[in-house]
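Asker: Structure supplied as target31.cif; contents: mmCIF, C-alpha atoms.
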```
data_data
#
loop_
_atom_site.group_PDB
_atom_site.id
_atom_site.type_symbol
_atom_site.label_atom_id
_atom_site.label_comp_id
_atom_site.auth_asym_id
_atom_site.auth_seq_id
_atom_site.Cartn_x
_atom_site.Cartn_y
_atom_site.Cartn_z
ATOM 1 C CA MET A 1 33.233 17.160 44.596
ATOM 2 C CA ALA A 2 36.028 16.420 42.116
ATOM 3 C CA ALA A 3 35.801 12.624 42.072
ATOM 4 C CA PRO A 4 32.135 12.313 41.098
ATOM 5 C CA LEU A 5 32.563 14.939 38.331
ATOM 6 C CA GLU A 6 35.532 13.047 36.864
ATOM 7 C CA ALA A 7 33.509 9.859 36.924
ATOM 8 C CA LEU A 8 30.677 11.690 35.222
ATOM 9 C CA LEU A 9 32.916 13.003 32.459
ATOM 10 C CA LEU A 10 34.196 9.498 31.811
ATOM 11 C CA GLN A 11 30.678 8.155 31.645
ATOM 12 C CA VAL A 12 29.558 10.980 29.380
ATOM 13 C CA ARG A 13 31.883 9.895 26.587
ATOM 14 C CA CYS A 14 30.049 6.583 26.235
ATOM 15 C CA LEU A 15 26.530 8.006 25.996
ATOM 16 C CA SER A 16 24.752 9.568 23.030
ATOM 17 C CA LEU A 17 24.351 13.328 22.700
ATOM 18 C CA SER A 18 20.753 13.618 23.849
ATOM 19 C CA SER A 19 21.189 11.229 26.746
ATOM 20 C CA THR A 20 24.354 13.061 27.848
ATOM 21 C CA ARG A 21 22.462 16.289 27.769
ATOM 22 C CA ARG A 22 19.679 14.914 29.875
ATOM 23 C CA LEU A 23 22.096 13.356 32.329
ATOM 24 C CA LEU A 24 24.160 16.516 32.711
ATOM 25 C CA VAL A 25 21.102 18.708 33.131
ATOM 26 C CA ARG A 26 19.877 16.430 35.873
ATOM 27 C CA CYS A 27 23.306 16.353 37.528
ATOM 28 C CA ASN A 28 23.708 20.094 37.300
ATOM 29 C CA SER A 29 20.387 20.666 38.974
ATOM 30 C CA ALA A 30 21.293 18.113 41.660
ATOM 31 C CA LEU A 31 24.722 19.732 42.211
ATOM 32 C CA VAL A 32 23.241 23.217 42.383
ATOM 33 C CA LYS A 33 20.758 21.988 44.966
ATOM 34 C CA SER A 34 23.378 20.123 47.028
ATOM 35 C CA SER A 35 26.242 22.668 47.067
ATOM 36 C CA PRO A 36 25.828 26.395 46.692
ATOM 37 C CA VAL A 37 29.667 26.777 46.774
ATOM 38 C CA ASN A 38 31.426 27.945 43.611
ATOM 39 C CA PRO A 39 33.442 24.921 42.260
ATOM 40 C CA ARG A 40 36.260 27.242 41.139
ATOM 41 C CA VAL A 41 37.176 27.972 44.759
ATOM 42 C CA LEU A 42 37.575 24.352 45.915
ATOM 43 C CA PRO A 43 41.145 23.264 46.743
ATOM 44 C CA GLY A 44 42.994 20.266 45.275
ATOM 45 C CA GLN A 45 41.518 20.746 41.807
ATOM 46 C CA SER A 46 43.512 20.821 38.592
ATOM 47 C CA ALA A 47 43.155 23.833 36.315
ATOM 48 C CA LEU A 48 41.906 21.664 33.472
ATOM 49 C CA LEU A 49 39.248 20.082 35.627
ATOM 50 C CA SER A 50 38.130 23.463 36.965
ATOM 51 C CA SER A 51 37.787 24.791 33.422
ATOM 52 C CA HIS A 52 35.839 21.655 32.493
ATOM 53 C CA VAL A 53 33.616 22.224 35.501
ATOM 54 C CA GLN A 54 32.963 25.831 34.439
ATOM 55 C CA THR A 55 31.939 24.875 30.942
ATOM 56 C CA PHE A 56 29.934 21.996 32.384
ATOM 57 C CA CYS A 57 27.910 24.353 34.584
ATOM 58 C CA THR A 58 27.296 26.953 31.905
ATOM 59 C CA THR A 59 26.375 24.504 29.178
ATOM 60 C CA THR A 60 24.058 22.502 31.390
ATOM 61 C CA THR A 61 22.215 25.644 32.500
ATOM 62 C CA ARG A 62 21.848 26.621 28.884
ATOM 63 C CA TRP A 63 20.552 23.143 28.029
ATOM 64 C CA ALA A 64 18.058 23.332 30.889
ATOM 65 C CA GLU A 65 16.695 26.607 29.526
ATOM 66 C CA GLU A 66 16.506 25.145 26.024
ATOM 67 C CA ALA A 67 14.716 22.108 27.371
ATOM 68 C CA LYS A 68 12.154 24.347 29.051
ATOM 69 C CA GLU A 69 11.593 26.182 25.794
ATOM 70 C CA GLU A 70 11.227 22.885 23.948
ATOM 71 C CA SER A 71 8.708 21.616 26.470
ATOM 72 C CA THR A 72 6.487 24.647 25.842
ATOM 73 C CA GLU A 73 6.826 24.086 22.114
ATOM 74 C CA THR A 74 5.847 20.419 22.450
ATOM 75 C CA THR A 75 2.674 21.291 24.345
ATOM 76 C CA GLU A 76 1.705 23.657 21.553
ATOM 77 C CA LYS A 77 2.418 20.971 18.987
ATOM 78 C CA LYS A 78 0.261 18.470 20.899
ATOM 79 C CA GLN A 79 -2.686 20.863 20.715
ATOM 80 C CA GLU A 80 -2.207 21.202 16.990
ATOM 81 C CA ASP A 81 -1.917 17.420 16.586
ATOM 82 C CA ALA A 82 -5.163 16.944 18.503
ATOM 83 C CA GLU A 83 -6.923 19.223 16.055
ATOM 84 C CA GLU A 84 -5.386 17.449 13.083
ATOM 85 C CA SER A 85 -6.310 13.986 14.334
ATOM 86 C CA GLN A 86 -9.989 14.861 14.116
ATOM 87 C CA GLN A 87 -9.471 15.707 10.459
ATOM 88 C CA GLU A 88 -7.402 12.549 9.929
ATOM 89 C CA ASP A 89 -10.372 10.218 10.575
ATOM 90 C CA THR A 90 -11.620 10.622 7.003
ATOM 91 C CA SER A 91 -8.141 10.069 5.535
ATOM 92 C CA LEU A 92 -7.924 6.824 7.560
ATOM 93 C CA ASP A 93 -10.945 5.508 5.673
ATOM 94 C CA GLU A 94 -9.275 6.481 2.421
ATOM 95 C CA ASP A 95 -6.147 4.650 3.532
ATOM 96 C CA ILE A 96 -8.145 1.512 4.242
ATOM 97 C CA GLU A 97 -9.844 1.712 0.860
ATOM 98 C CA ARG A 98 -6.546 2.173 -0.916
ATOM 99 C CA ARG A 99 -5.023 -0.790 0.901
ATOM 100 C CA GLN A 100 -8.025 -2.959 0.081
ATOM 101 C CA LYS A 101 -7.644 -2.052 -3.601
ATOM 102 C CA TRP A 102 -3.959 -2.955 -3.527
ATOM 103 C CA MET A 103 -4.748 -6.271 -1.797
ATOM 104 C CA GLU A 104 -7.343 -7.051 -4.468
ATOM 105 C CA MET A 105 -4.906 -6.224 -7.233
ATOM 106 C CA TYR A 106 -2.297 -8.451 -5.606
ATOM 107 C CA ASN A 107 -4.682 -11.315 -4.884
ATOM 108 C CA SER A 108 -6.127 -11.257 -8.397
ATOM 109 C CA CYS A 109 -2.683 -12.050 -9.760
ATOM 110 C CA LEU A 110 -2.497 -15.202 -7.637
ATOM 111 C CA PRO A 111 -3.591 -18.365 -9.419
ATOM 112 C CA GLY A 112 -7.102 -19.548 -8.790
ATOM 113 C CA TYR A 113 -8.259 -16.278 -7.230
ATOM 114 C CA GLY A 114 -12.001 -16.115 -7.126
ATOM 115 C CA GLN A 115 -12.422 -19.585 -8.643
ATOM 116 C CA VAL A 116 -14.812 -21.866 -6.818
ATOM 117 C CA PHE A 117 -15.113 -25.632 -7.322
ATOM 118 C CA ASP A 118 -18.351 -27.129 -5.940
ATOM 119 C CA GLY A 119 -18.587 -24.397 -3.358
ATOM 120 C CA ILE A 120 -14.959 -24.611 -2.258
ATOM 121 C CA PRO A 121 -12.615 -21.763 -3.229
ATOM 122 C CA TYR A 122 -9.363 -22.756 -4.862
ATOM 123 C CA ASN A 123 -7.097 -21.998 -1.939
ATOM 124 C CA GLN A 124 -9.182 -24.254 0.334
ATOM 125 C CA LEU A 125 -9.242 -27.297 -1.927
ATOM 126 C CA PRO A 126 -7.597 -30.485 -0.687
ATOM 127 C CA VAL A 127 -4.239 -31.372 -2.183
ATOM 128 C CA ILE A 128 -2.683 -34.611 -3.374
ATOM 129 C CA HIS A 129 1.065 -34.467 -2.917
ATOM 130 C CA VAL A 130 3.009 -36.810 -5.192
ATOM 131 C CA PHE A 131 6.641 -37.548 -4.397
ATOM 132 C CA ALA A 132 8.197 -39.317 -7.397
ATOM 133 C CA ASN A 133 11.488 -40.778 -6.252
ATOM 134 C CA TRP A 134 13.895 -42.709 -8.430
ATOM 135 C CA ASN A 135 13.012 -45.958 -6.632
ATOM 136 C CA ASN A 136 9.450 -45.389 -5.462
ATOM 137 C CA THR A 137 6.400 -43.102 -5.714
ATOM 138 C CA HIS A 138 4.506 -41.736 -2.729
ATOM 139 C CA ALA A 139 1.048 -40.174 -2.762
ATOM 140 C CA THR A 140 -0.422 -38.208 0.145
ATOM 141 C CA CYS A 141 -3.865 -36.641 0.271
ATOM 142 C CA THR A 142 -3.974 -33.613 2.574
ATOM 143 C CA ASP A 143 -6.204 -30.775 3.655
ATOM 144 C CA SER A 144 -5.591 -27.228 2.397
ATOM 145 C CA THR A 145 -3.799 -26.612 5.703
ATOM 146 C CA GLY A 146 -1.515 -29.639 5.262
ATOM 147 C CA LYS A 147 -3.219 -32.100 7.596
ATOM 148 C CA ILE A 148 -2.799 -35.619 6.178
ATOM 149 C CA LEU A 149 -6.021 -37.457 5.294
ATOM 150 C CA ALA A 150 -4.743 -40.480 3.351
ATOM 151 C CA GLN A 151 -1.365 -41.829 2.270
ATOM 152 C CA THR A 152 -0.041 -44.625 0.109
ATOM 153 C CA THR A 153 3.040 -45.736 -1.776
ATOM 154 C CA CYS A 154 3.961 -48.248 -4.456
ATOM 155 C CA GLY A 155 5.333 -50.557 -1.782
ATOM 156 C CA LYS A 156 2.024 -50.501 0.073
ATOM 157 C CA GLU A 157 0.258 -51.597 -3.089
ATOM 158 C CA GLY A 158 2.233 -54.852 -3.111
ATOM 159 C CA PHE A 159 5.114 -54.026 -5.419
ATOM 160 C CA LYS A 160 8.577 -54.931 -4.152
ATOM 161 C CA ASN A 161 12.099 -53.694 -4.831
ATOM 162 C CA ALA A 162 12.718 -52.705 -8.435
ATOM 163 C CA LYS A 163 9.050 -53.092 -9.412
ATOM 164 C CA LYS A 164 8.164 -50.043 -7.305
ATOM 165 C CA ALA A 165 10.069 -47.881 -9.765
ATOM 166 C CA THR A 166 7.759 -48.625 -12.700
ATOM 167 C CA SER A 167 4.965 -46.745 -14.375
ATOM 168 C CA VAL A 168 2.472 -49.557 -13.718
ATOM 169 C CA ALA A 169 3.073 -49.332 -9.980
ATOM 170 C CA ALA A 170 2.644 -45.561 -10.098
ATOM 171 C CA GLU A 171 -0.663 -45.870 -11.940
ATOM 172 C CA VAL A 172 -1.975 -48.342 -9.383
ATOM 173 C CA THR A 173 -0.880 -46.007 -6.574
ATOM 174 C CA GLY A 174 -2.701 -43.138 -8.226
ATOM 175 C CA GLN A 175 -5.890 -45.122 -8.466
ATOM 176 C CA SER A 176 -5.564 -46.193 -4.846
ATOM 177 C CA ILE A 177 -5.147 -42.656 -3.523
ATOM 178 C CA ALA A 178 -8.071 -41.524 -5.657
ATOM 179 C CA THR A 179 -10.368 -44.186 -4.191
ATOM 180 C CA LYS A 180 -9.241 -43.243 -0.669
ATOM 181 C CA ALA A 181 -10.014 -39.594 -1.391
ATOM 182 C CA LEU A 182 -13.454 -40.456 -2.785
ATOM 183 C CA ASP A 183 -14.184 -42.481 0.369
ATOM 184 C CA LEU A 184 -13.506 -39.287 2.359
ATOM 185 C CA GLY A 185 -15.868 -37.337 0.157
ATOM 186 C CA ILE A 186 -13.217 -35.443 -1.800
ATOM 187 C CA THR A 187 -13.989 -34.843 -5.488
ATOM 188 C CA ASN A 188 -11.981 -31.793 -6.562
ATOM 189 C CA VAL A 189 -8.293 -31.832 -5.864
ATOM 190 C CA ARG A 190 -5.109 -29.910 -6.584
ATOM 191 C CA LEU A 191 -2.090 -31.963 -7.570
ATOM 192 C CA VAL A 192 1.453 -31.197 -6.457
ATOM 193 C CA LEU A 193 4.261 -33.133 -8.129
ATOM 194 C CA ARG A 194 7.604 -33.364 -6.397
ATOM 195 C CA GLY A 195 10.671 -34.957 -7.891
ATOM 196 C CA ILE A 196 11.552 -36.394 -11.262
ATOM 197 C CA GLY A 197 11.162 -40.133 -11.316
ATOM 198 C CA PRO A 198 9.536 -42.831 -13.358
ATOM 199 C CA GLY A 199 6.221 -42.403 -11.550
ATOM 200 C CA ARG A 200 5.705 -38.697 -12.193
ATOM 201 C CA GLN A 201 3.393 -38.892 -15.198
ATOM 202 C CA PRO A 202 1.685 -42.267 -14.651
ATOM 203 C CA ILE A 203 0.415 -41.287 -11.219
ATOM 204 C CA VAL A 204 -1.414 -38.308 -12.693
ATOM 205 C CA LYS A 205 -3.116 -40.643 -15.131
ATOM 206 C CA GLY A 206 -3.905 -43.036 -12.270
ATOM 207 C CA VAL A 207 -5.540 -40.328 -10.161
ATOM 208 C CA GLN A 208 -7.643 -39.247 -13.117
ATOM 209 C CA MET A 209 -8.692 -42.847 -13.815
ATOM 210 C CA GLY A 210 -9.574 -43.241 -10.134
ATOM 211 C CA GLY A 211 -12.357 -40.716 -10.585
ATOM 212 C CA VAL A 212 -11.064 -37.609 -8.818
ATOM 213 C CA ASN A 213 -11.300 -34.281 -10.635
ATOM 214 C CA ILE A 214 -7.878 -32.668 -10.917
ATOM 215 C CA VAL A 215 -8.214 -28.897 -10.876
ATOM 216 C CA SER A 216 -4.583 -27.858 -11.248
ATOM 217 C CA ILE A 217 -1.126 -29.381 -11.471
ATOM 218 C CA THR A 218 1.735 -27.741 -9.604
ATOM 219 C CA ASP A 219 5.390 -28.614 -9.665
ATOM 220 C CA GLY A 220 6.876 -28.610 -6.198
ATOM 221 C CA THR A 221 10.271 -30.116 -6.919
ATOM 222 C CA ARG A 222 12.788 -29.111 -4.295
ATOM 223 C CA PHE A 223 15.824 -27.480 -5.819
ATOM 224 C CA SER A 224 18.962 -26.068 -4.280
ATOM 225 C CA ALA A 225 21.982 -25.008 -6.283
ATOM 226 C CA THR A 226 24.199 -24.461 -3.246
ATOM 227 C CA GLY A 227 22.707 -27.090 -0.962
ATOM 228 C CA PRO A 228 24.296 -30.307 0.195
ATOM 229 C CA ARG A 229 26.647 -31.810 -2.311
ATOM 230 C CA PRO A 230 25.022 -34.770 -4.108
ATOM 231 C CA ARG A 231 26.616 -38.193 -3.958
ATOM 232 C CA LYS A 232 29.444 -39.098 -6.316
ATOM 233 C CA ALA A 233 28.733 -40.318 -9.845
ATOM 234 C CA ARG A 234 28.213 -44.002 -10.289
ATOM 235 C CA ARG A 235 30.747 -45.935 -12.308
ATOM 236 C CA ILE A 236 28.914 -48.899 -13.794
ATOM 237 C CA MET B 237 -2.082 -18.105 3.473
ATOM 238 C CA ILE B 238 1.413 -19.446 3.974
ATOM 239 C CA LYS B 239 0.327 -22.825 2.561
ATOM 240 C CA TYR B 240 -0.856 -20.988 -0.553
ATOM 241 C CA TYR B 241 2.599 -19.812 -1.548
ATOM 242 C CA GLN B 242 3.636 -23.107 -3.134
ATOM 243 C CA PHE B 243 0.807 -22.700 -5.662
ATOM 244 C CA ILE B 244 1.856 -19.272 -6.835
ATOM 245 C CA GLY B 245 4.566 -20.489 -9.171
ATOM 246 C CA ARG B 246 4.762 -23.493 -11.492
ATOM 247 C CA THR B 247 0.999 -24.049 -11.485
ATOM 248 C CA VAL B 248 -1.046 -25.035 -14.531
ATOM 249 C CA PHE B 249 -4.825 -25.186 -14.505
ATOM 250 C CA VAL B 250 -6.731 -28.036 -16.132
ATOM 251 C CA LYS B 251 -9.088 -26.801 -18.874
ATOM 252 C CA ASN B 252 -12.169 -28.834 -19.848
ATOM 253 C CA GLY B 253 -10.900 -31.833 -17.922
ATOM 254 C CA ASN B 254 -7.877 -32.233 -20.207
ATOM 255 C CA VAL B 255 -5.322 -33.290 -17.623
ATOM 256 C CA ASP B 256 -2.791 -34.626 -20.158
ATOM 257 C CA ALA B 257 -2.607 -31.301 -21.946
ATOM 258 C CA ALA B 258 -2.084 -29.513 -18.643
ATOM 259 C CA TYR B 259 0.710 -31.877 -17.638
ATOM 260 C CA ARG B 260 2.320 -31.523 -21.040
ATOM 261 C CA ALA B 261 2.139 -27.716 -20.805
ATOM 262 C CA LEU B 262 3.799 -27.767 -17.381
ATOM 263 C CA ASN B 263 6.477 -30.158 -18.584
ATOM 264 C CA ASN B 264 7.217 -28.078 -21.680
ATOM 265 C CA VAL B 265 7.632 -24.921 -19.632
ATOM 266 C CA LEU B 266 9.982 -26.625 -17.212
ATOM 267 C CA THR B 267 12.122 -28.241 -19.917
ATOM 268 C CA ARG B 268 12.328 -25.009 -21.894
ATOM 269 C CA GLU B 269 13.631 -23.292 -18.776
ATOM 270 C CA GLY B 270 16.152 -26.105 -18.317
ATOM 271 C CA PHE B 271 14.802 -26.943 -14.888
ATOM 272 C CA ILE B 272 14.221 -30.674 -15.312
ATOM 273 C CA GLU B 273 17.607 -31.158 -16.921
ATOM 274 C CA ASP B 274 19.212 -29.309 -14.027
ATOM 275 C CA VAL B 275 17.469 -31.451 -11.441
ATOM 276 C CA ARG B 276 18.491 -34.622 -13.237
ATOM 277 C CA ARG B 277 22.088 -33.454 -13.450
ATOM 278 C CA ARG B 278 22.219 -32.710 -9.735
ATOM 279 C CA ARG B 279 21.344 -36.265 -8.820
ATOM 280 C CA TYR B 280 25.050 -37.049 -8.891
ATOM 281 C CA PHE B 281 27.827 -34.567 -8.327
ATOM 282 C CA GLU B 282 29.469 -33.156 -11.425
ATOM 283 C CA LYS B 283 33.107 -32.354 -10.832
ATOM 284 C CA PRO B 284 34.382 -28.913 -11.855
ATOM 285 C CA TRP B 285 36.446 -30.213 -14.753
ATOM 286 C CA GLN B 286 33.400 -32.165 -16.072
ATOM 287 C CA TYR B 287 31.228 -29.057 -15.659
ATOM 288 C CA ARG B 288 33.662 -26.891 -17.643
ATOM 289 C CA LYS B 289 33.983 -29.481 -20.389
ATOM 290 C CA ARG B 290 30.196 -29.791 -20.744
ATOM 291 C CA VAL B 291 29.477 -26.072 -20.626
ATOM 292 C CA ASN B 292 32.111 -25.263 -23.250
ATOM 293 C CA TYR B 293 30.803 -28.022 -25.470
ATOM 294 C CA GLU B 294 27.246 -26.687 -25.172
ATOM 295 C CA ARG B 295 28.332 -23.141 -25.971
ATOM 296 C CA MET B 296 30.253 -24.199 -29.062
ATOM 297 C CA ARG B 297 27.402 -26.402 -30.186
ATOM 298 C CA ASP B 298 24.890 -23.555 -29.902
ATOM 299 C CA ILE B 299 27.142 -21.197 -31.855
ATOM 300 C CA TYR B 300 27.643 -23.797 -34.574
ATOM 301 C CA ASN B 301 23.911 -24.541 -34.837
ATOM 302 C CA LYS B 302 22.965 -20.865 -35.041
ATOM 303 C CA GLU B 303 25.551 -20.222 -37.724
ATOM 304 C CA MET B 304 24.458 -23.267 -39.735
ATOM 305 C CA ALA B 305 20.798 -22.274 -39.531
ATOM 306 C CA ARG B 306 21.694 -18.769 -40.693
ATOM 307 C CA ARG B 307 23.624 -20.103 -43.714
ATOM 308 C CA ILE B 308 20.869 -22.493 -44.682
ATOM 309 C CA ASP B 309 18.275 -19.701 -44.506
ATOM 310 C CA PHE B 310 20.528 -17.572 -46.692
ATOM 311 C CA THR B 311 21.067 -20.229 -49.361
ATOM 312 C CA MET B 312 17.392 -21.179 -49.376
ATOM 313 C CA ARG B 313 16.139 -17.623 -49.704
ATOM 314 C CA LYS B 314 13.695 -16.866 -52.503
ATOM 315 C CA SER B 315 11.909 -13.809 -53.818
ATOM 316 C CA ARG B 316 8.870 -15.696 -55.101
ATOM 317 C CA PRO B 317 5.945 -16.465 -52.695
ATOM 318 C CA ASN B 318 6.085 -19.799 -50.869
ATOM 319 C CA PRO B 319 3.852 -22.276 -52.817
ATOM 320 C CA TRP B 320 3.402 -24.537 -49.784
ATOM 321 C CA VAL B 321 1.734 -21.954 -47.526
ATOM 322 C CA VAL B 322 -1.665 -23.299 -46.508
#
```
Now that the file is in, can you turn its structure into structure tokens?
Answerer:
Amino acid sequence: MAAPLEALLLQVRCLSLSSTRRLLVRCNSALVKSSPVNPRVLPGQSALLSSHVQTFCTTTTRWAEEAKEESTETTEKKQEDAEESQQEDTSLDEDIERRQKWMEMYNSCLPGYGQVFDGIPYNQLPVIHVFANWNNTHATCTDSTGKILAQTTCGKEGFKNAKKATSVAAEVTGQSIATKALDLGITNVRLVLRGIGPGRQPIVKGVQMGGVNIVSITDGTRFSATGPRPRKARRI
Amino acid sequence: MIKYYQFIGRTVFVKNGNVDAAYRALNNVLTREGFIEDVRRRRYFEKPWQYRKRVNYERMRDIYNKEMARRIDFTMRKSRPNPWVV
């Protein structure tokens, strides 16, 4: 009788208040069922433990009664909640309306909201990503989801080494990606510029000369103040 | 929707097919914010002593320029109406 109680008391310290209560109530009921003998009378028990056992029994019985009272209260509350839920149906519709209004307000602040170009809304237009490196310029035509449709670079257009990092090469690349896009049936396009290099502006001109209608220009240059440390300065 | 986020900031729309004006507008905004200069500076690492030297120089230069502009405006002040206003 003593050993399991001691173990219980040790366990009880680790649990939260509500879970201890539940555990002790269950144990008390189990103990009461198993042994009708008064724990005070048992031999080989320390006075402290016996006093603990007394308080344990009294408190757990009290908790059990409280729990019974609470259970009756909860059933009453459930009935009330059921009545309220029928009234809540209308307020749900109001909630939905309010949320839709907020979403509209938020979406209207986004660029290109509601604008349609030849039947395609702005956020579904294809994109031309331009990566203007210091030594080269890449151009990729993608779907609105990011799926690549066409791709070209200055090197692919026949320029080699230092000549890739020129404005002429970038213009030619722009024209090339524009013709590839037109072959796929793309007319309206969003432009995303990444990086600061010699080909940043000329490629825009090249795409325009190629015949594709540029709807918007975005800057997508990657920037990190605390990212990897750049290489050391050149000493020429 | 996630792919849309990159278009929320730093986007300029092209009005009446004037792509050059749109590009220039974007560029002006970025330079005024100091973004392009920052990106160019981060191409190579700037050591702490170089950073401090540059930043102090820029601060002093801005103070000097503001003070000079203030003095010039003061000396050139007039109470008569400006004859060159269009």
Asker: Select residues of chain B: the criterion is any atom within 10 Å of an atom of chain A, counting only C-alpha atoms; output as a PyMOL selection string.
Answerer: chain B and resi 237-256+258-260+262-263+266+271-283
Asker: Could you save those same residues with C-alpha atoms as a PDB file, in the frame of the given file?
Answerer:
```pdb
ATOM      1  CA  MET B 237      -2.082 -18.105   3.473  1.00  0.00           C
ATOM      2  CA  ILE B 238       1.413 -19.446   3.974  1.00  0.00           C
ATOM      3  CA  LYS B 239       0.327 -22.825   2.561  1.00  0.00           C
ATOM      4  CA  TYR B 240      -0.856 -20.988  -0.553  1.00  0.00           C
ATOM      5  CA  TYR B 241       2.599 -19.812  -1.548  1.00  0.00           C
ATOM      6  CA  GLN B 242       3.636 -23.107  -3.134  1.00  0.00           C
ATOM      7  CA  PHE B 243       0.807 -22.700  -5.662  1.00  0.00           C
ATOM      8  CA  ILE B 244       1.856 -19.272  -6.835  1.00  0.00           C
ATOM      9  CA  GLY B 245       4.566 -20.489  -9.171  1.00  0.00           C
ATOM     10  CA  ARG B 246       4.762 -23.493 -11.492  1.00  0.00           C
ATOM     11  CA  THR B 247       0.999 -24.049 -11.485  1.00  0.00           C
ATOM     12  CA  VAL B 248      -1.046 -25.035 -14.531  1.00  0.00           C
ATOM     13  CA  PHE B 249      -4.825 -25.186 -14.505  1.00  0.00           C
ATOM     14  CA  VAL B 250      -6.731 -28.036 -16.132  1.00  0.00           C
ATOM     15  CA  LYS B 251      -9.088 -26.801 -18.874  1.00  0.00           C
ATOM     16  CA  ASN B 252     -12.169 -28.834 -19.848  1.00  0.00           C
ATOM     17  CA  GLY B 253     -10.900 -31.833 -17.922  1.00  0.00           C
ATOM     18  CA  ASN B 254      -7.877 -32.233 -20.207  1.00  0.00           C
ATOM     19  CA  VAL B 255      -5.322 -33.290 -17.623  1.00  0.00           C
ATOM     20  CA  ASP B 256      -2.791 -34.626 -20.158  1.00  0.00           C
ATOM     21  CA  ALA B 258      -2.084 -29.513 -18.643  1.00  0.00           C
ATOM     22  CA  TYR B 259       0.710 -31.877 -17.638  1.00  0.00           C
ATOM     23  CA  ARG B 260       2.320 -31.523 -21.040  1.00  0.00           C
ATOM     24  CA  LEU B 262       3.799 -27.767 -17.381  1.00  0.00           C
ATOM     25  CA  ASN B 263       6.477 -30.158 -18.584  1.00  0.00           C
ATOM     26  CA  LEU B 266       9.982 -26.625 -17.212  1.00  0.00           C
ATOM     27  CA  PHE B 271      14.802 -26.943 -14.888  1.00  0.00           C
ATOM     28  CA  ILE B 272      14.221 -30.674 -15.312  1.00  0.00           C
ATOM     29  CA  GLU B 273      17.607 -31.158 -16.921  1.00  0.00           C
ATOM     30  CA  ASP B 274      19.212 -29.309 -14.027  1.00  0.00           C
ATOM     31  CA  VAL B 275      17.469 -31.451 -11.441  1.00  0.00           C
ATOM     32  CA  ARG B 276      18.491 -34.622 -13.237  1.00  0.00           C
ATOM     33  CA  ARG B 277      22.088 -33.454 -13.450  1.00  0.00           C
ATOM     34  CA  ARG B 278      22.219 -32.710  -9.735  1.00  0.00           C
ATOM     35  CA  ARG B 279      21.344 -36.265  -8.820  1.00  0.00           C
ATOM     36  CA  TYR B 280      25.050 -37.049  -8.891  1.00  0.00           C
ATOM     37  CA  PHE B 281      27.827 -34.567  -8.327  1.00  0.00           C
ATOM     38  CA  GLU B 282      29.469 -33.156 -11.425  1.00  0.00           C
ATOM     39  CA  LYS B 283      33.107 -32.354 -10.832  1.00  0.00           C
TER      40      LYS B 283
END
```
Asker: Going by the chain IDs and residue numbers used in this file, which residues fall under the PyMOL selection byres ((chain A and resi 182) around 12)? Write them as an MDAnalysis selection string.
Answerer: chainID A and resid 126 141 149:150 175:181 183:189 207:208 210:213
Asker: Please enumerate the residues selected by the PyMOL selection byres ((chain A and resi 199) around 8) when evaluated against the supplied file, formatted as number ranges by chain.
Answerer: A: 132-133, 136-137, 165-167, 169-171, 197-198, 200-203
Asker: Between CA of Thr173 (chain A) and CA of Thr153 (chain A), what is the distance, to one decimal in Å?
Answerer: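 Computing the Euclidean distance for CA of Thr173 (chain A) and CA of Thr153 (chain A) yields 6.2 Å.
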Asker: What is the CA of Ile96 (chain A) to CA of Ile120 (chain A) distance in Å?
Answerer: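 Computing the Euclidean distance for CA of Ile96 (chain A) and CA of Ile120 (chain A) yields 27.8 Å.
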Asker: Extending 8 Å beyond the listed atoms of region 152-159 of chain A on each side, what axis-aligned box results? I want centre and edge lengths in Å to one decimal, as JSON.
Answerer:
```
{"center_x": 2.6, "center_y": -49.7, "center_z": -2.7, "size_x": 21.4, "size_y": 26.2, "size_z": 21.5}
```
Asker: For CA of Gln100 (chain A) and CA of Gly114 (chain A), determine how far apart the two atoms are, in Å to one decimal place.
Answerer: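 One can read the CA of Gln100 (chain A) to CA of Gly114 (chain A) distance as 15.5 Å.
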Asker: Take region 127-132 of chain A from the block and save it with N, CA, C and O atoms, as a CSV table (one decimal), in the first residue's frame.
Answerer:
```csv
chain,number,residue,atom,x,y,z
A,127,VAL,N,6.3,35.9,-67.9
A,127,VAL,CA,7.4,36.8,-67.4
A,127,VAL,C,8.7,36.6,-68.2
A,127,VAL,O,9.0,35.4,-68.5
A,128,ILE,N,9.4,37.6,-68.4
A,128,ILE,CA,10.8,37.5,-68.9
A,128,ILE,C,11.7,37.9,-67.8
A,128,ILE,O,11.7,39.1,-67.4
A,129,HIS,N,12.5,36.9,-67.3
A,129,HIS,CA,13.5,37.2,-66.3
A,129,HIS,C,14.8,37.5,-66.9
A,129,HIS,O,15.3,36.8,-67.8
A,130,VAL,N,15.4,38.7,-66.5
A,130,VAL,CA,16.6,39.1,-67.1
A,130,VAL,C,17.7,39.1,-65.9
A,130,VAL,O,17.5,39.8,-64.9
A,131,PHE,N,18.7,38.4,-66.1
A,131,PHE,CA,19.8,38.3,-65.1
A,131,PHE,C,21.0,39.0,-65.7
A,131,PHE,O,21.7,38.5,-66.6
A,132,ALA,N,21.3,40.3,-65.3
A,132,ALA,CA,22.4,41.1,-65.8
A,132,ALA,C,23.6,40.9,-64.9
A,132,ALA,O,23.7,41.6,-63.9
```
